[in-house]
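Next comes input18.cif, a file with mmCIF, C-alpha atoms.
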data_structure
#
loop_
_atom_site.group_PDB
_atom_site.id
_atom_site.type_symbol
_atom_site.label_atom_id
_atom_site.label_comp_id
_atom_site.auth_asym_id
_atom_site.auth_seq_id
_atom_site.Cartn_x
_atom_site.Cartn_y
_atom_site.Cartn_z
ATOM 1 C CA HIS A 186 12.546 15.818 -3.265
ATOM 2 C CA VAL A 187 9.738 13.914 -1.526
ATOM 3 C CA TRP A 188 12.135 11.438 0.139
ATOM 4 C CA ASP A 189 13.834 14.322 1.958
ATOM 5 C CA GLN A 190 10.475 15.636 3.164
ATOM 6 C CA LEU A 191 9.297 12.221 4.361
ATOM 7 C CA THR A 192 12.257 11.896 6.736
ATOM 8 C CA MET A 193 10.965 14.957 8.615
ATOM 9 C CA ILE A 194 7.415 13.677 9.138
ATOM 10 C CA GLU A 195 6.344 12.460 12.558
ATOM 11 C CA PRO A 196 2.818 11.229 13.351
ATOM 12 C CA ASN A 197 0.407 13.277 15.469
ATOM 13 C CA ASP A 198 -0.686 12.120 18.883
ATOM 14 C CA GLY A 199 -4.313 12.656 17.817
ATOM 15 C CA GLY A 200 -7.307 10.891 19.264
ATOM 16 C CA THR A 201 -8.610 7.578 18.054
ATOM 17 C CA SER A 202 -11.065 7.401 15.217
ATOM 18 C CA ASN A 203 -13.475 4.970 13.652
ATOM 19 C CA ILE A 204 -12.487 2.028 11.466
ATOM 20 C CA HIS A 205 -12.401 3.837 8.133
ATOM 21 C CA SER A 206 -11.049 7.246 9.112
ATOM 22 C CA VAL A 207 -7.621 8.813 9.165
ATOM 23 C CA GLU A 208 -5.795 7.908 12.363
ATOM 24 C CA ASN A 209 -2.744 10.120 11.913
ATOM 25 C CA GLN A 210 -2.108 12.863 9.415
ATOM 26 C CA THR A 211 0.824 15.256 9.476
ATOM 27 C CA GLN A 212 1.636 17.789 6.802
ATOM 28 C CA ILE A 213 5.006 19.441 6.252
ATOM 29 C CA ASN A 214 5.531 21.564 3.157
ATOM 30 C CA SER A 215 3.872 19.679 0.320
ATOM 31 C CA ALA A 216 4.251 16.149 1.702
ATOM 32 C CA SER A 217 1.563 14.522 3.792
ATOM 33 C CA VAL A 218 1.147 11.082 5.306
ATOM 34 C CA VAL A 219 -2.189 9.346 5.759
ATOM 35 C CA VAL A 220 -2.427 6.263 7.957
ATOM 36 C CA ALA A 221 -5.818 4.569 7.757
ATOM 37 C CA GLU A 222 -7.261 1.136 8.242
ATOM 38 C CA HIS A 223 -8.555 -0.340 5.010
ATOM 39 C CA MET A 224 -10.172 -3.671 4.253
ATOM 40 C CA TRP A 225 -8.694 -4.833 0.942
ATOM 41 C CA GLY A 226 -11.180 -4.600 -1.883
ATOM 42 C CA GLU A 227 -13.812 -2.737 0.157
ATOM 43 C CA PHE A 228 -14.746 0.820 -0.739
ATOM 44 C CA PRO A 229 -17.619 1.919 1.530
ATOM 45 C CA CYS A 230 -18.102 5.269 -0.180
ATOM 46 C CA ASP A 231 -18.734 3.491 -3.478
ATOM 47 C CA THR A 232 -21.163 0.887 -2.153
ATOM 48 C CA VAL A 233 -22.941 2.452 0.848
ATOM 49 C CA PRO A 234 -22.728 6.260 0.577
ATOM 50 C CA THR A 235 -24.730 6.724 3.797
ATOM 51 C CA GLU A 236 -21.905 5.096 5.769
ATOM 52 C CA CYS A 237 -19.386 7.493 4.290
ATOM 53 C CA ASN A 238 -18.520 10.587 6.306
ATOM 54 C CA LEU A 239 -16.414 13.392 4.857
ATOM 55 C CA GLN A 240 -13.174 12.113 6.382
ATOM 56 C CA THR A 241 -13.772 8.565 5.102
ATOM 57 C CA HIS A 242 -14.700 9.906 1.678
ATOM 58 C CA ASP A 243 -11.450 11.888 1.480
ATOM 59 C CA VAL A 244 -9.322 8.857 2.423
ATOM 60 C CA HIS A 245 -11.086 6.417 0.077
ATOM 61 C CA ASN A 246 -11.256 8.682 -2.962
ATOM 62 C CA LYS A 247 -7.610 9.703 -3.274
ATOM 63 C CA LYS A 248 -4.738 8.353 -5.298
ATOM 64 C CA TYR A 249 -1.554 7.934 -3.288
ATOM 65 C CA ASP A 250 2.121 8.246 -4.231
ATOM 66 C CA PHE A 251 3.223 5.451 -1.885
ATOM 67 C CA ILE A 252 1.399 2.401 -0.556
ATOM 68 C CA PHE A 253 3.056 0.229 2.082
ATOM 69 C CA GLY A 254 2.018 -3.140 3.454
ATOM 70 C CA THR A 255 3.352 -6.447 4.678
ATOM 71 C CA ASP A 256 2.136 -10.042 4.990
ATOM 72 C CA LEU A 257 -0.670 -9.359 2.521
ATOM 73 C CA ALA A 258 -0.549 -12.023 -0.169
ATOM 74 C CA TYR A 259 -0.083 -15.277 1.742
ATOM 75 C CA ARG A 260 -3.572 -16.595 0.896
ATOM 76 C CA ASN A 261 -4.918 -16.870 -2.630
ATOM 77 C CA SER A 262 -8.268 -15.472 -1.445
ATOM 78 C CA LEU A 263 -6.515 -12.182 -0.584
ATOM 79 C CA HIS A 264 -5.011 -11.574 -4.021
ATOM 80 C CA GLU A 265 -8.008 -10.126 -5.863
ATOM 81 C CA PRO A 266 -9.115 -7.760 -3.036
ATOM 82 C CA LEU A 267 -5.518 -6.577 -2.553
ATOM 83 C CA ILE A 268 -5.042 -5.911 -6.263
ATOM 84 C CA ALA A 269 -8.441 -4.152 -6.418
ATOM 85 C CA SER A 270 -7.243 -1.806 -3.664
ATOM 86 C CA LEU A 271 -3.913 -1.190 -5.384
ATOM 87 C CA LEU A 272 -5.791 -0.287 -8.565
ATOM 88 C CA HIS A 273 -8.213 1.957 -6.648
ATOM 89 C CA PHE A 274 -5.581 3.912 -4.690
ATOM 90 C CA SER A 275 -2.699 4.081 -7.184
ATOM 91 C CA HIS A 276 -1.901 6.274 -10.151
ATOM 92 C CA GLN A 277 0.700 5.924 -12.877
ATOM 93 C CA TYR A 278 3.585 6.961 -10.582
ATOM 94 C CA THR A 279 2.535 5.244 -7.333
ATOM 95 C CA LEU A 280 5.175 3.046 -5.724
ATOM 96 C CA CYS A 281 3.798 0.150 -3.677
ATOM 97 C CA LEU A 282 6.228 -1.593 -1.335
ATOM 98 C CA ILE A 283 4.817 -4.886 -0.137
ATOM 99 C CA GLY A 284 6.631 -7.211 2.263
ATOM 100 C CA VAL A 285 5.987 -10.873 1.528
ATOM 101 C CA THR A 286 7.212 -14.239 2.713
ATOM 102 C CA MET A 287 8.368 -15.844 -0.479
ATOM 103 C CA THR A 288 7.430 -19.371 0.643
ATOM 104 C CA ASP A 289 3.826 -18.320 1.385
ATOM 105 C CA THR A 290 3.214 -16.035 -1.604
ATOM 106 C CA GLN A 291 2.461 -18.196 -4.594
ATOM 107 C CA PRO A 292 3.268 -17.334 -8.225
ATOM 108 C CA VAL A 293 -0.443 -16.859 -8.970
ATOM 109 C CA PHE A 294 -0.281 -13.536 -7.063
ATOM 110 C CA PHE A 295 2.406 -12.220 -9.393
ATOM 111 C CA ASP A 296 0.506 -13.507 -12.436
ATOM 112 C CA LEU A 297 -2.586 -11.576 -11.267
ATOM 113 C CA LEU A 298 -0.500 -8.433 -10.728
ATOM 114 C CA THR A 299 0.753 -8.642 -14.303
ATOM 115 C CA LYS A 300 -2.729 -9.340 -15.719
ATOM 116 C CA SER A 301 -4.039 -6.316 -13.778
ATOM 117 C CA GLY A 302 -1.536 -3.956 -15.409
ATOM 118 C CA PHE A 303 1.220 -3.890 -12.789
ATOM 119 C CA ARG A 304 4.908 -4.619 -12.992
ATOM 120 C CA TYR A 305 6.870 -5.807 -9.980
ATOM 121 C CA GLU A 306 10.408 -6.373 -8.823
ATOM 122 C CA LYS A 307 11.885 -7.940 -5.701
ATOM 123 C CA LEU A 308 14.248 -5.526 -3.979
ATOM 124 C CA ALA A 309 17.809 -6.783 -3.653
ATOM 125 C CA ASP A 310 18.791 -8.279 -0.298
ATOM 126 C CA HIS A 311 21.468 -5.642 0.339
ATOM 127 C CA LEU A 312 18.654 -3.061 0.628
ATOM 128 C CA LEU A 313 17.139 -4.914 3.607
ATOM 129 C CA GLU A 314 18.205 -4.860 7.232
ATOM 130 C CA ARG A 315 20.842 -7.525 7.922
ATOM 131 C CA GLU A 316 18.444 -9.760 9.848
ATOM 132 C CA PHE A 317 16.249 -10.175 6.734
ATOM 133 C CA ARG A 318 19.007 -10.744 4.178
ATOM 134 C CA GLY A 319 19.115 -14.253 2.759
ATOM 135 C CA SER A 320 15.790 -15.143 4.361
ATOM 136 C CA ASN A 321 12.528 -16.029 2.670
ATOM 137 C CA PHE A 322 11.191 -12.510 3.371
ATOM 138 C CA GLY A 323 11.322 -10.009 0.558
ATOM 139 C CA ILE A 324 10.047 -6.571 -0.350
ATOM 140 C CA ILE A 325 8.307 -6.314 -3.687
ATOM 141 C CA ALA A 326 8.173 -2.954 -5.480
ATOM 142 C CA ILE A 327 4.950 -2.728 -7.508
ATOM 143 C CA GLN A 328 3.990 -0.042 -10.038
ATOM 144 C CA ARG A 329 1.455 0.313 -12.811
ATOM 145 C CA ARG A 330 2.857 -0.354 -16.247
ATOM 146 C CA SER A 331 2.936 2.782 -18.370
#
Rewrite the structure of this file - the entire thing - as structure tokens.
Amino acid sequence: HVWDQLTMIEPNDGGTSNIHSVENQTQINSASVVVAEHMWGEFPCDTVPTECNLQTHDVHNKKYDFIFGTDLAYRNSLHEPLIASLLHFSHQYTLCLIGVTMTDTQPVFFDLLTKSGFRYEKLADHLLEREFRGSNFGIIAIQRRS
């Protein structure tokens, strides 16, 4: 199971790379982890192919099984670029776990998720570390509707 494989993965101590490239990639068995900087809603390989090297192209033209992020939806101006990126990088079975502050993330974000073909659910407090339970922080599980 992929969860068992993910517990064994540790990042490389590789060199630094440019803004759009893979910073750490480790592969064990069939599981791999890609950590890369991404500007929500921007896909350089689609818009300016000359700025796209092979490594950047590989990162920006994949679908991922898991997408993680936090503090992403606190401004309304971030919603559309974030959702565009979730659509670009996800497939039918992708699980996105997004940490949000419930007082800063307005209902319009969740309305846009639904209109864009996603379903979402706030994870129960007992699944969080004790320090976050009962607070206004929550983790939202997001997946495409089938």
Inset, instruction - Taking the file above as input, evaluate the PyMOL selection byres ((chain A and resi 300-313) around 10) and report the hits as a PyMOL selection string. - result: chain A and resi 265+268-269+271-272+277+280-285+294-299+314-320+322-331
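Across A:Leu267, A:Val293, A:Met287, A:Val219, the tightest approach to Phe251 of chain A is made by A:Val219 when counting all atoms listed in the file.
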Inset, instruction - Select, from A:Phe253, A:Glu227, A:Lys247, A:Thr279, the residue with the minimum atom-to-atom distance to Pro266 of chain A, counting all atoms listed in the file. - result: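 Closest to Pro266 of chain A, using all atoms listed in the file: A:Glu227.
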Give me the box for segment 308-312 of chain A as JSON, namely the centre and edge lengths in Å to one decimal of a box along x, y and z that holds every listed atom plus 5 Å on each side.
{"center_x": 17.9, "center_y": -5.7, "center_z": -1.7, "size_x": 17.2, "size_y": 15.2, "size_z": 14.6}
Legend entry - Atom pair atom CA of Lys248 of chain A / atom CA of His264 of chain A: separation (Å):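 Atom-to-atom, atom CA of Lys248 of chain A to atom CA of His264 of chain A, that is 20.0 Å.
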